[in-house]
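S.K.: Please find coords-v2.txt (compact mmCIF, C-alpha atoms and all ligand atoms) on the next line:
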# COMPACT_ATOMS: atom_id res chain seq x y z
CA MET A 101 7.67 -3.93 21.75
CA ASN A 102 4.04 -4.35 20.74
CA PRO A 103 2.83 -2.68 17.50
CA SER A 104 0.72 0.03 19.25
CA LYS A 105 3.77 1.25 21.24
CA LEU A 106 5.83 1.15 18.10
CA PHE A 107 3.35 3.31 16.22
CA SER A 108 3.19 5.98 18.94
CA ASN A 109 7.03 6.15 18.91
CA LEU A 110 6.85 6.72 15.21
CA LYS A 111 4.46 9.68 15.67
CA ARG A 112 7.11 11.33 17.83
CA SER A 113 9.91 10.77 15.30
CA PHE A 114 8.13 12.11 12.24
CA ARG A 115 7.25 15.36 14.04
CA GLN A 116 10.95 16.22 13.92
CA THR A 117 11.03 16.04 10.11
CA VAL A 118 7.89 18.10 9.55
CA LYS A 119 8.38 21.53 8.04
CA SER A 120 5.84 24.25 8.80
CA GLN A 121 3.18 25.05 6.26
CA ALA A 122 4.27 28.69 6.17
CA THR A 123 7.82 27.72 5.09
CA LEU A 124 6.46 25.32 2.51
CA GLN A 125 4.06 27.83 0.95
CA ALA A 126 6.99 29.66 -0.66
CA ASN A 127 8.88 26.51 -1.61
CA PRO A 128 9.67 26.66 -5.36
CA ALA A 129 9.20 22.90 -5.77
CA ILE A 130 5.62 23.11 -4.45
CA LEU A 131 4.85 26.09 -6.69
CA GLU A 132 6.19 24.21 -9.68
CA ALA A 133 4.22 21.06 -8.80
CA ALA A 134 1.02 23.12 -8.50
CA SER A 135 1.62 24.71 -11.88
CA ILE A 136 2.18 21.28 -13.51
CA LEU A 137 -0.97 19.91 -11.87
CA ARG A 138 -3.16 22.85 -12.98
CA THR A 139 -2.98 21.67 -16.60
CA ALA A 140 -3.44 17.94 -15.85
CA LYS A 141 -6.53 15.90 -16.68
CA LYS A 142 -5.45 12.41 -15.68
CA VAL A 143 -3.68 12.19 -12.34
CA ALA A 144 -2.23 8.96 -10.92
CA VAL A 145 -0.95 8.68 -7.37
CA LEU A 146 1.53 5.99 -6.33
CA THR A 147 1.72 5.70 -2.55
CA GLY A 148 3.80 3.78 -0.05
CA ALA A 149 3.99 3.35 3.70
CA GLY A 150 5.01 7.01 4.28
CA MET A 151 1.55 8.09 3.14
CA SER A 152 0.10 6.60 6.32
CA ALA A 153 2.96 7.58 8.65
CA GLU A 154 1.07 10.66 9.83
CA SER A 155 -1.91 8.42 10.64
CA GLY A 156 0.38 6.70 13.13
CA ILE A 157 1.12 3.56 11.09
CA ALA A 158 4.81 2.68 11.02
CA THR A 159 6.67 2.46 7.71
CA PHE A 160 8.72 -0.65 7.05
CA ARG A 161 12.20 0.74 6.90
CA ALA A 162 12.24 3.82 9.16
CA LYS A 163 15.52 3.99 11.12
CA GLU A 164 13.48 4.59 14.27
CA GLY A 165 10.32 2.57 14.87
CA GLY A 166 10.26 0.81 11.45
CA ILE A 167 8.20 -2.39 11.54
CA TRP A 168 11.05 -4.66 10.41
CA LYS A 169 13.40 -3.26 13.04
CA GLU A 170 11.02 -4.82 15.60
CA PHE A 171 9.74 -7.95 13.84
CA ASP A 172 11.48 -10.57 11.77
CA PRO A 173 9.53 -10.80 8.49
CA SER A 174 10.59 -14.42 8.04
CA GLU A 175 8.55 -15.29 11.16
CA VAL A 176 5.34 -13.41 10.43
CA ALA A 177 5.11 -12.48 6.76
CA THR A 178 6.18 -15.35 4.54
CA PRO A 179 4.41 -18.48 3.21
CA ASP A 180 6.89 -20.66 5.14
CA ALA A 181 6.08 -18.84 8.39
CA PHE A 182 2.38 -19.55 7.81
CA LYS A 183 3.07 -23.22 7.18
CA LYS A 184 5.23 -23.44 10.31
CA ASP A 185 3.05 -21.48 12.70
CA PRO A 186 -0.20 -20.11 11.20
CA HIS A 187 -1.40 -18.93 14.64
CA LYS A 188 1.61 -16.67 15.12
CA VAL A 189 1.21 -15.21 11.63
CA LEU A 190 -2.52 -14.64 12.10
CA ALA A 191 -1.96 -13.05 15.53
CA TRP A 192 0.56 -10.59 14.04
CA HIS A 193 -1.82 -9.65 11.24
CA GLN A 194 -4.63 -9.25 13.76
CA GLU A 195 -2.49 -6.72 15.68
CA MET A 196 -1.79 -4.87 12.44
CA ARG A 197 -5.54 -4.83 11.76
CA VAL A 198 -6.29 -3.31 15.15
CA THR A 199 -3.65 -0.61 14.58
CA CYS A 200 -4.97 0.20 11.10
CA GLN A 201 -8.60 0.14 12.26
CA ASP A 202 -7.81 2.58 15.07
CA ALA A 203 -5.92 4.88 12.68
CA GLU A 204 -7.71 7.63 10.79
CA PRO A 205 -6.96 8.84 7.27
CA ASN A 206 -4.72 11.90 7.53
CA ALA A 207 -4.92 15.27 5.75
CA GLY A 208 -2.92 13.81 2.84
CA HIS A 209 -5.41 10.97 2.23
CA HIS A 210 -8.27 13.49 2.37
CA ALA A 211 -6.51 15.84 -0.06
CA ILE A 212 -6.06 13.01 -2.57
CA ALA A 213 -9.77 12.14 -2.26
CA ARG A 214 -10.66 15.82 -2.82
CA MET A 215 -8.58 15.84 -6.03
CA GLN A 216 -11.43 13.82 -7.56
CA GLU A 217 -13.43 17.08 -7.64
CA LEU A 218 -10.62 18.90 -9.50
CA PHE A 219 -9.50 16.42 -12.14
CA PRO A 220 -11.53 14.23 -14.54
CA GLU A 221 -9.50 11.17 -13.51
CA VAL A 222 -7.67 10.39 -10.28
CA ILE A 223 -6.45 6.82 -9.73
CA VAL A 224 -4.54 5.73 -6.66
CA ILE A 225 -2.03 2.90 -6.96
CA THR A 226 -1.02 1.94 -3.45
CA GLN A 227 1.46 -0.42 -1.85
CA ASN A 228 -0.39 0.05 1.42
CA ILE A 229 -2.72 -2.56 2.81
CA ASP A 230 -4.42 -0.38 5.43
CA GLY A 231 -7.50 0.76 3.44
CA LEU A 232 -7.02 4.43 4.46
CA HIS A 233 -7.34 5.82 0.91
CA GLN A 234 -10.75 4.20 0.56
CA ARG A 235 -11.81 5.40 4.01
CA ALA A 236 -10.87 8.95 2.99
CA GLY A 237 -13.16 8.65 -0.05
CA SER A 238 -10.85 7.78 -2.95
CA LYS A 239 -13.01 5.80 -5.39
CA PHE A 240 -10.41 4.19 -7.64
CA VAL A 241 -7.74 2.46 -5.61
CA LEU A 242 -5.54 -0.28 -7.00
CA GLU A 243 -4.01 -2.28 -4.16
CA LEU A 244 -0.68 -3.70 -5.31
CA HIS A 245 0.03 -5.54 -2.07
CA GLY A 246 -3.50 -6.65 -1.23
CA HIS A 247 -5.76 -5.74 1.64
CA LEU A 248 -5.22 -6.51 5.31
CA PHE A 249 -8.91 -6.99 6.04
CA ARG A 250 -9.57 -9.67 3.42
CA MET A 251 -8.64 -13.37 3.44
CA LYS A 252 -7.83 -15.80 0.64
CA GLY A 253 -6.87 -19.47 0.30
CA PHE A 254 -3.31 -20.48 1.11
CA CYS A 255 -1.39 -21.62 -1.94
CA ASP A 256 1.51 -23.89 -1.15
CA ALA A 257 4.37 -23.59 -3.64
CA ALA A 258 5.76 -26.97 -2.55
CA MET A 259 2.45 -28.61 -3.47
CA HIS A 260 2.76 -27.14 -6.96
CA GLU A 261 6.22 -28.60 -7.31
CA SER A 262 5.28 -32.13 -6.24
CA ALA A 263 1.76 -32.49 -7.65
CA SER A 264 -0.57 -30.73 -10.03
CA PRO A 265 -3.11 -29.02 -7.84
CA VAL A 266 -5.82 -26.75 -9.12
CA HIS A 267 -6.94 -23.49 -7.59
CA CYS A 268 -10.13 -23.58 -5.55
CA PRO A 269 -12.70 -21.40 -7.37
CA VAL A 270 -13.92 -19.95 -4.07
CA CYS A 271 -10.79 -19.09 -2.05
CA ARG A 272 -8.09 -19.28 -4.81
CA GLY A 273 -5.94 -21.52 -2.59
CA CYS A 274 -4.43 -24.62 -4.15
CA THR A 275 -6.33 -27.78 -3.64
CA SER A 276 -6.73 -31.29 -4.96
CA PRO A 277 -7.79 -31.63 -8.64
CA ARG A 278 -10.74 -33.71 -7.41
CA ILE A 279 -12.37 -30.67 -5.87
CA ILE A 280 -14.13 -29.17 -8.82
CA TRP A 281 -16.74 -26.50 -8.86
CA GLN A 282 -20.42 -27.51 -8.83
CA PRO A 283 -23.25 -24.94 -9.09
CA GLU A 284 -24.68 -26.06 -5.73
CA HIS A 285 -21.42 -24.92 -4.13
CA LYS A 286 -22.36 -21.28 -4.63
CA ASP A 287 -23.30 -21.12 -0.91
CA ALA A 288 -19.60 -21.47 -0.17
CA ILE A 289 -18.95 -18.04 -1.65
CA VAL A 290 -18.88 -15.83 1.39
CA GLU A 291 -16.57 -12.91 2.01
CA PHE A 292 -13.96 -14.14 4.50
CA THR A 293 -12.77 -11.27 6.62
CA GLU A 294 -12.55 -12.24 10.29
CA ILE A 295 -9.55 -13.58 12.16
CA HIS A 296 -10.45 -15.48 15.34
CA LEU A 297 -7.31 -16.16 17.29
CA GLY A 298 -6.66 -19.80 18.09
CA GLU A 299 -8.26 -21.16 14.93
CA VAL A 300 -7.14 -21.19 11.33
CA PRO A 301 -10.12 -20.17 9.20
CA ARG A 302 -11.01 -22.60 6.42
CA CYS A 303 -12.63 -22.32 3.02
CA LEU A 304 -16.22 -23.60 2.99
CA HIS A 305 -15.68 -25.18 -0.42
CA CYS A 306 -12.28 -26.93 -0.31
CA SER A 307 -11.60 -26.79 3.46
CA GLY A 308 -8.16 -25.37 2.75
CA PRO A 309 -6.64 -22.90 5.24
CA LEU A 310 -7.25 -19.18 4.70
CA ARG A 311 -4.61 -16.48 5.10
CA PRO A 312 -4.60 -12.68 4.90
CA ASP A 313 -4.92 -11.46 1.30
CA VAL A 314 -1.68 -9.48 1.32
CA VAL A 315 1.57 -9.96 -0.55
CA TRP A 316 4.19 -11.46 1.76
CA PHE A 317 7.96 -11.65 1.35
CA ASN A 318 9.00 -14.27 -1.24
CA GLU A 319 5.73 -13.76 -3.12
CA GLY A 320 5.00 -12.10 -6.44
CA LEU A 321 2.38 -9.46 -7.13
CA ASP A 322 -0.85 -10.35 -8.90
CA PRO A 323 0.19 -9.93 -12.58
CA TYR A 324 -3.20 -8.46 -13.56
CA VAL A 325 -3.04 -5.81 -10.85
CA LEU A 326 0.56 -4.99 -11.75
CA ASP A 327 -0.28 -4.74 -15.42
CA ALA A 328 -3.11 -2.32 -14.62
CA ALA A 329 -0.71 -0.21 -12.54
CA TRP A 330 1.81 0.06 -15.38
CA ASN A 331 -0.95 1.11 -17.79
CA ILE A 332 -2.43 3.71 -15.44
CA ALA A 333 0.96 5.25 -14.73
CA ASP A 334 1.99 5.25 -18.40
CA GLY A 335 -1.31 6.81 -19.49
CA CYS A 336 -1.64 9.68 -17.00
CA ASP A 337 -0.47 13.30 -17.34
CA VAL A 338 1.00 13.59 -13.84
CA LEU A 339 2.16 10.83 -11.49
CA LEU A 340 2.50 11.78 -7.82
CA VAL A 341 4.88 9.43 -6.00
CA ILE A 342 4.25 9.73 -2.29
CA GLY A 343 5.90 8.17 0.76
CA THR A 344 7.70 5.31 -0.90
CA SER A 345 11.39 4.47 -0.76
CA LEU A 346 11.03 2.72 -4.16
CA GLN A 347 13.16 -0.14 -2.89
CA VAL A 348 10.65 -2.83 -3.77
CA GLN A 349 10.68 -4.28 -7.28
CA PRO A 350 8.80 -4.19 -9.60
CA VAL A 351 6.98 -1.12 -8.24
CA SER A 352 10.19 0.91 -8.32
CA GLY A 353 10.14 0.71 -12.14
CA ILE A 354 6.70 2.34 -12.46
CA PRO A 355 7.71 6.04 -12.12
CA TRP A 356 10.83 5.49 -14.20
CA ARG A 357 8.89 4.09 -17.16
CA ALA A 358 6.08 6.66 -16.83
CA ALA A 359 8.65 9.47 -17.06
CA TYR A 360 10.17 7.80 -20.13
CA LYS A 361 6.68 7.90 -21.70
CA GLY A 362 6.44 11.65 -21.09
CA VAL A 363 4.52 11.70 -17.79
CA LYS A 364 5.50 14.42 -15.29
CA VAL A 365 6.58 12.62 -12.13
CA ILE A 366 6.43 14.48 -8.80
CA GLU A 367 7.82 13.09 -5.54
CA ILE A 368 6.58 13.99 -2.05
CA ASN A 369 8.82 12.51 0.64
CA PRO A 370 10.77 14.03 3.57
CA GLU A 371 13.65 11.67 2.70
CA PRO A 372 13.86 11.46 -1.10
CA ALA A 373 14.12 8.00 -2.63
CA GLU A 374 17.57 7.00 -3.90
CA ALA A 375 16.32 6.63 -7.47
CA THR A 376 17.25 9.60 -9.65
CA GLY A 377 17.14 10.78 -13.22
CA PHE A 378 13.42 10.88 -13.93
CA TRP A 379 11.77 13.30 -11.50
CA SER A 380 10.14 16.51 -12.78
CA VAL A 381 9.82 17.91 -9.24
CA ARG A 382 10.86 16.63 -5.81
CA ILE A 383 9.16 18.04 -2.71
CA GLN A 384 11.10 17.14 0.39
CA ALA A 385 8.43 17.24 3.10
CA CYS A 386 5.65 15.20 4.74
CA SER A 387 2.63 14.34 2.61
CA ALA A 388 -0.05 15.38 5.14
CA LEU A 389 1.37 18.91 5.01
CA VAL A 390 2.18 19.15 1.33
CA LEU A 391 -0.96 17.70 -0.24
CA PRO A 392 -3.54 20.09 1.31
CA LEU A 393 -1.23 22.97 0.42
CA LEU A 394 -0.95 21.76 -3.17
CA LEU A 395 -4.75 21.68 -3.41
CA LYS A 396 -4.94 25.28 -2.21
CA LEU A 397 -2.34 26.39 -4.75
CA ILE A 398 -4.05 24.53 -7.61
CA ASN A 399 -7.25 26.36 -6.69
CA ASN A 400 -5.32 29.66 -6.53
CA GLU A 401 -6.48 30.14 -2.93
P1 LIG A 501 9.25 2.04 3.11
O1 LIG A 501 9.15 1.83 4.58
O2 LIG A 501 10.35 1.38 2.37
O3 LIG A 501 9.41 3.60 2.83
C1 LIG A 501 8.61 4.55 3.44
C2 LIG A 501 8.90 5.88 2.80
O4 LIG A 501 8.02 6.83 3.36
C3 LIG A 501 10.33 6.39 3.03
O5 LIG A 501 10.88 6.80 1.78
C4 LIG A 501 10.12 7.59 3.97
O6 LIG A 501 11.08 8.61 3.74
C5 LIG A 501 8.74 8.02 3.56
N1 LIG A 501 8.02 8.81 4.59
C6 LIG A 501 8.11 8.70 5.94
N2 LIG A 501 7.28 9.58 6.51
C7 LIG A 501 6.64 10.24 5.52
C8 LIG A 501 5.66 11.26 5.48
N3 LIG A 501 5.17 11.77 6.59
N4 LIG A 501 5.24 11.71 4.26
C9 LIG A 501 5.74 11.19 3.12
N5 LIG A 501 6.67 10.23 3.11
C10 LIG A 501 7.11 9.76 4.29
O7 LIG A 501 7.84 1.66 2.49
P2 LIG A 501 7.35 1.43 0.99
O8 LIG A 501 8.25 2.12 0.01
O9 LIG A 501 5.90 1.68 0.96
O10 LIG A 501 7.55 -0.13 0.67
C11 LIG A 501 7.54 -1.15 1.56
C12 LIG A 501 6.25 -1.90 1.86
O11 LIG A 501 5.67 -1.35 2.97
C13 LIG A 501 5.16 -1.97 0.90
O12 LIG A 501 5.18 -3.27 0.46
C14 LIG A 501 3.86 -1.80 1.75
O13 LIG A 501 2.96 -2.84 1.46
C15 LIG A 501 4.34 -1.93 3.11
N6 LIG A 501 3.73 -1.25 4.26
C16 LIG A 501 2.46 -0.79 4.25
C17 LIG A 501 1.95 -0.12 5.36
C18 LIG A 501 0.54 0.36 5.33
O14 LIG A 501 -0.32 -0.26 4.73
N7 LIG A 501 0.26 1.51 5.94
C19 LIG A 501 2.75 0.09 6.46
C20 LIG A 501 4.06 -0.41 6.45
C21 LIG A 501 4.54 -1.07 5.33
ZN ZN A 502 -11.22 -23.02 -1.22
For this file, write the structure as structure tokens.
M.R.:
Amino acid sequence: MNPSKLFSNLKRSFRQTVKSQATLQANPAILEAASILRTAKKVAVLTGAGMSAESGIATFRAKEGGIWKEFDPSEVATPDAFKKDPHKVLAWHQEMRVTCQDAEPNAGHHAIARMQELFPEVIVITQNIDGLHQRAGSKFVLELHGHLFRMKGFCDAAMHESASPVHCPVCRGCTSPRIIWQPEHKDAIVEFTEIHLGEVPRCLHCSGPLRPDVVWFNEGLDPYVLDAAWNIADGCDVLLVIGTSLQVQPVSGIPWRAAYKGVKVIEINPEPAEATGFWSVRIQACSALVLPLLLKLINNE
């Protein structure tokens, strides 16, 4: 099944889990979340694939229509897959780009962007790579898993094991130690964004292959980005955890540690995550319904 068909199937399946706004309005969990948020100054929002489900973008693990039920990650989203068949990997990412480009931010993304008018600080920490928070107007978005529409140099772990390569200062891919930065190379610094099928894009400085700037399976997160996420979550008053199954380490530890530091942690998810023991409030419903309603309640409308 191609990704566009997959995503329209998903739209159908999430409709069944949606609860009506009228039912939710009287839900004690929502009322409690609104009352916690009314006193907050610093709000952090940790989002996962479920945040974009109502924009028509499939989550990874949904029983029906989940991306990895249809595609084998080892063939399209690992460094080894890129080494074996970069064209296949680039074609898959190009399809994902088309899907994400055609999608629109949903009412939940817009509600989070509008929170910037209500609270002195709102920072989004997202596992999503679709750019929908930014398109909705959120100004501070930390992308834990990168960005689908950006490219970076390919770094080959095997090359690190056998030699001592350096990182290219332009694309961050690994390259030969002989390729060192010279001021006249500044023309090589261009923003690589396009994927043209049939060719592997190359860095203008080191000529190394370029790949999508997203975190694949068997790869670690950027330690600086992760460190920033821990600090933001630990230092906020309220952490909203939206649309994530919290099955991916180390992100799953973020709400747990924030709660330990005294942060109120609120979950919004139609199927609550398995993790327990640290939630202040759990709202079992879809984010595009809950978030606008929360805004109304915070404003006493
Ligand atoms: P996941 O697939 O493991 O979990 C998705 C979660 O969203 C589930 O808990 C599900 O119950 C919940 N959900 C489904 N519909 C929802 C809705 N309408 N409102 C609120 N919640 C809803 O995804 P994950 O926890 O984000 O982690 C897996 C990885 O998925 C991340 O690495 C992320 O990069 C990647 N991903 C991103 C996108 C995207 O950018 N839009 C899409 C698919 C996967
Ligand atoms: Zn380079």
S.K.: What's the separation between atom CA of Ala144 of chain A and atom CA of Val363 of chain A, in Å to one decimal place?
M.R.: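 Computing the Euclidean distance for atom CA of Ala144 of chain A and atom CA of Val363 of chain A yields 10.0 Å.
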S.K.: Would you tabulate, counting all atoms listed in the file, all residues of chain A that have an atom at most 7 Å from an atom of ligand LIG 501 (chain A), showing the closest pair of atoms and their distance in Å to one decimal, sorted by chain then ascending number, as a Markdown table?
M.R.:
| residue | atom | partner | partner_atom | distance |
| --- | --- | --- | --- | --- |
| A:Phe114 | CA | A:LIG501 | N2 | 6.3 |
| A:Thr147 | CA | A:LIG501 | O9 | 6.8 |
| A:Gly148 | CA | A:LIG501 | O9 | 3.1 |
| A:Ala149 | CA | A:LIG501 | O9 | 3.7 |
| A:Gly150 | CA | A:LIG501 | O4 | 3.2 |
| A:Met151 | CA | A:LIG501 | C9 | 5.2 |
| A:Ser152 | CA | A:LIG501 | N7 | 5.1 |
| A:Ala153 | CA | A:LIG501 | N3 | 5.2 |
| A:Glu154 | CA | A:LIG501 | N3 | 5.3 |
| A:Ile157 | CA | A:LIG501 | N7 | 5.6 |
| A:Ala158 | CA | A:LIG501 | C20 | 5.6 |
| A:Thr159 | CA | A:LIG501 | O1 | 4.0 |
| A:Phe160 | CA | A:LIG501 | O1 | 3.5 |
| A:Arg161 | CA | A:LIG501 | O1 | 4.0 |
| A:Ala162 | CA | A:LIG501 | O1 | 5.9 |
| A:Ile167 | CA | A:LIG501 | C20 | 6.9 |
| A:Gln227 | CA | A:LIG501 | O13 | 4.4 |
| A:Asn228 | CA | A:LIG501 | O14 | 3.3 |
| A:Ile229 | CA | A:LIG501 | O14 | 3.8 |
| A:Asp230 | CA | A:LIG501 | O14 | 4.2 |
| A:His245 | CA | A:LIG501 | O13 | 5.3 |
| A:Ile342 | CA | A:LIG501 | C9 | 5.8 |
| A:Gly343 | CA | A:LIG501 | N5 | 3.2 |
| A:Thr344 | CA | A:LIG501 | O8 | 3.4 |
| A:Ser345 | CA | A:LIG501 | O5 | 3.5 |
| A:Leu346 | CA | A:LIG501 | O8 | 5.0 |
| A:Gln347 | CA | A:LIG501 | O8 | 6.1 |
| A:Val348 | CA | A:LIG501 | O10 | 6.1 |
| A:Ile368 | CA | A:LIG501 | C9 | 5.9 |
| A:Asn369 | CA | A:LIG501 | N5 | 4.0 |
| A:Pro370 | CA | A:LIG501 | O6 | 5.4 |
| A:Glu371 | CA | A:LIG501 | O6 | 4.1 |
| A:Pro372 | CA | A:LIG501 | O5 | 6.2 |
| A:Ala373 | CA | A:LIG501 | O5 | 5.6 |
| A:Ala385 | CA | A:LIG501 | N4 | 6.5 |
| A:Cys386 | CA | A:LIG501 | N4 | 3.5 |
| A:Ser387 | CA | A:LIG501 | N4 | 4.1 |
| A:Ala388 | CA | A:LIG501 | N4 | 6.5 |
S.K.: Neighbouring residues of ligand ZN 502 (chain A) are defined here as those with any atom at most 8 Å from a ligand atom, counting all atoms listed in the file; list them as a list of chain:residue names.
M.R.: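 Written in the requested form, the residues are A:Gly253, A:His267, A:Cys268, A:Pro269, A:Val270, A:Cys271, A:Arg272, A:Gly273, A:Cys274, A:Thr275, A:Arg302, A:Cys303, A:Leu304, A:His305, A:Cys306, A:Ser307, A:Gly308, A:Pro309.
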S.K.: Between atom CA of Leu131 of chain A and atom CA of Leu218 of chain A, measure the distance and give it in Å to one decimal.
M.R.: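 Rounded to one decimal, the two atoms are 17.3 Å apart.
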S.K.: Tell me which of A:Leu248, A:Pro179, A:Ala129, A:Met215 sits closest to Gly320 of chain A, counting all atoms listed in the file.
M.R.: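 Among the listed residues, A:Pro179 lies closest to Gly320 of chain A.
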S.K.: List the neighbours of Pro312 of chain A out to 8 Å using all atoms listed in the file; skip same-chain residues closer than 2 positions along the sequence, and give me the result as a CSV table (one decimal) with C-alpha atoms, keeping the file's coordinate frame.
M.R.:
chain,number,residue,atom,x,y,z
A,190,LEU,CA,-2.5,-14.6,12.1
A,193,HIS,CA,-1.8,-9.6,11.2
A,247,HIS,CA,-5.8,-5.7,1.6
A,248,LEU,CA,-5.2,-6.5,5.3
A,249,PHE,CA,-8.9,-7.0,6.0
A,250,ARG,CA,-9.6,-9.7,3.4
A,251,MET,CA,-8.6,-13.4,3.4
A,252,LYS,CA,-7.8,-15.8,0.6
A,310,LEU,CA,-7.2,-19.2,4.7
A,314,VAL,CA,-1.7,-9.5,1.3
S.K.: Give me the residues near Leu124 of chain A as a list in words, where near means some atom within 9 Å (using all atoms listed in the file) and where sequence neighbours in that chain fewer than 2 positions away do not count.
M.R.: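 Residues meeting the cut-off are Lys119, Ser120, Gln121, Ala122, Ala126, Asn127, Pro128, Ile130, Ala385, Leu389, Val390 and Leu393 of chain A.
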S.K.: For C-alpha atoms, I'd like the residues from the last selection saved as a PDB file, in the coordinates of the input.
M.R.:
ATOM      1  CA  LYS A 119       8.380  21.530   8.040  1.00  0.00           C
ATOM      2  CA  SER A 120       5.840  24.250   8.800  1.00  0.00           C
ATOM      3  CA  GLN A 121       3.180  25.050   6.260  1.00  0.00           C
ATOM      4  CA  ALA A 122       4.270  28.690   6.170  1.00  0.00           C
ATOM      5  CA  ALA A 126       6.990  29.660  -0.660  1.00  0.00           C
ATOM      6  CA  ASN A 127       8.880  26.510  -1.610  1.00  0.00           C
ATOM      7  CA  PRO A 128       9.670  26.660  -5.360  1.00  0.00           C
ATOM      8  CA  ILE A 130       5.620  23.110  -4.450  1.00  0.00           C
ATOM      9  CA  ALA A 385       8.430  17.240   3.100  1.00  0.00           C
ATOM     10  CA  LEU A 389       1.370  18.910   5.010  1.00  0.00           C
ATOM     11  CA  VAL A 390       2.180  19.150   1.330  1.00  0.00           C
ATOM     12  CA  LEU A 393      -1.230  22.970   0.420  1.00  0.00           C
TER      13      LEU A 393
END
S.K.: Supply segment 211-229 of chain A as a compact mmCIF listing (two decimals), in the frame of the given file, with N, CA and C atoms built in where the input has gaps.
M.R.:
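File rebuild.txt, as written:
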# COMPACT_ATOMS: atom_id res chain seq x y z
N ALA A 211 -6.81 14.96 1.08
CA ALA A 211 -6.51 15.84 -0.06
C ALA A 211 -6.55 15.05 -1.36
N ILE A 212 -6.03 13.83 -1.34
CA ILE A 212 -6.06 13.01 -2.57
C ILE A 212 -7.51 12.70 -2.95
N ALA A 213 -8.35 12.40 -1.96
CA ALA A 213 -9.77 12.14 -2.26
C ALA A 213 -10.42 13.39 -2.84
N ARG A 214 -10.06 14.57 -2.31
CA ARG A 214 -10.66 15.82 -2.82
C ARG A 214 -10.20 16.14 -4.24
N MET A 215 -9.06 15.61 -4.65
CA MET A 215 -8.58 15.84 -6.03
C MET A 215 -9.58 15.32 -7.05
N GLN A 216 -10.43 14.36 -6.63
CA GLN A 216 -11.43 13.82 -7.56
C GLN A 216 -12.41 14.89 -8.03
N GLU A 217 -12.54 15.98 -7.24
CA GLU A 217 -13.43 17.08 -7.64
C GLU A 217 -12.72 18.02 -8.62
N LEU A 218 -11.39 17.95 -8.67
CA LEU A 218 -10.62 18.90 -9.50
C LEU A 218 -10.20 18.33 -10.85
N PHE A 219 -10.01 17.03 -10.91
CA PHE A 219 -9.50 16.42 -12.14
C PHE A 219 -10.49 15.37 -12.65
N PRO A 220 -10.60 15.24 -13.99
CA PRO A 220 -11.53 14.23 -14.54
C PRO A 220 -11.17 12.80 -14.10
N GLU A 221 -9.88 12.55 -13.89
CA GLU A 221 -9.50 11.17 -13.51
C GLU A 221 -8.41 11.20 -12.44
N VAL A 222 -8.70 10.54 -11.33
CA VAL A 222 -7.67 10.39 -10.28
C VAL A 222 -7.65 8.91 -9.88
N ILE A 223 -6.54 8.24 -10.10
CA ILE A 223 -6.45 6.82 -9.73
C ILE A 223 -5.29 6.64 -8.77
N VAL A 224 -5.57 5.98 -7.66
CA VAL A 224 -4.54 5.73 -6.66
C VAL A 224 -4.00 4.30 -6.85
N ILE A 225 -2.68 4.21 -6.93
CA ILE A 225 -2.03 2.90 -6.96
C ILE A 225 -1.27 2.83 -5.64
N THR A 226 -1.66 1.93 -4.77
CA THR A 226 -1.02 1.94 -3.45
C THR A 226 -0.32 0.63 -3.12
N GLN A 227 0.80 0.78 -2.40
CA GLN A 227 1.46 -0.42 -1.85
C GLN A 227 0.93 -0.70 -0.45
N ASN A 228 0.10 0.20 0.06
CA ASN A 228 -0.39 0.05 1.42
C ASN A 228 -1.56 -0.93 1.49
N ILE A 229 -1.69 -1.53 2.64
CA ILE A 229 -2.72 -2.56 2.81
C ILE A 229 -3.72 -2.12 3.86
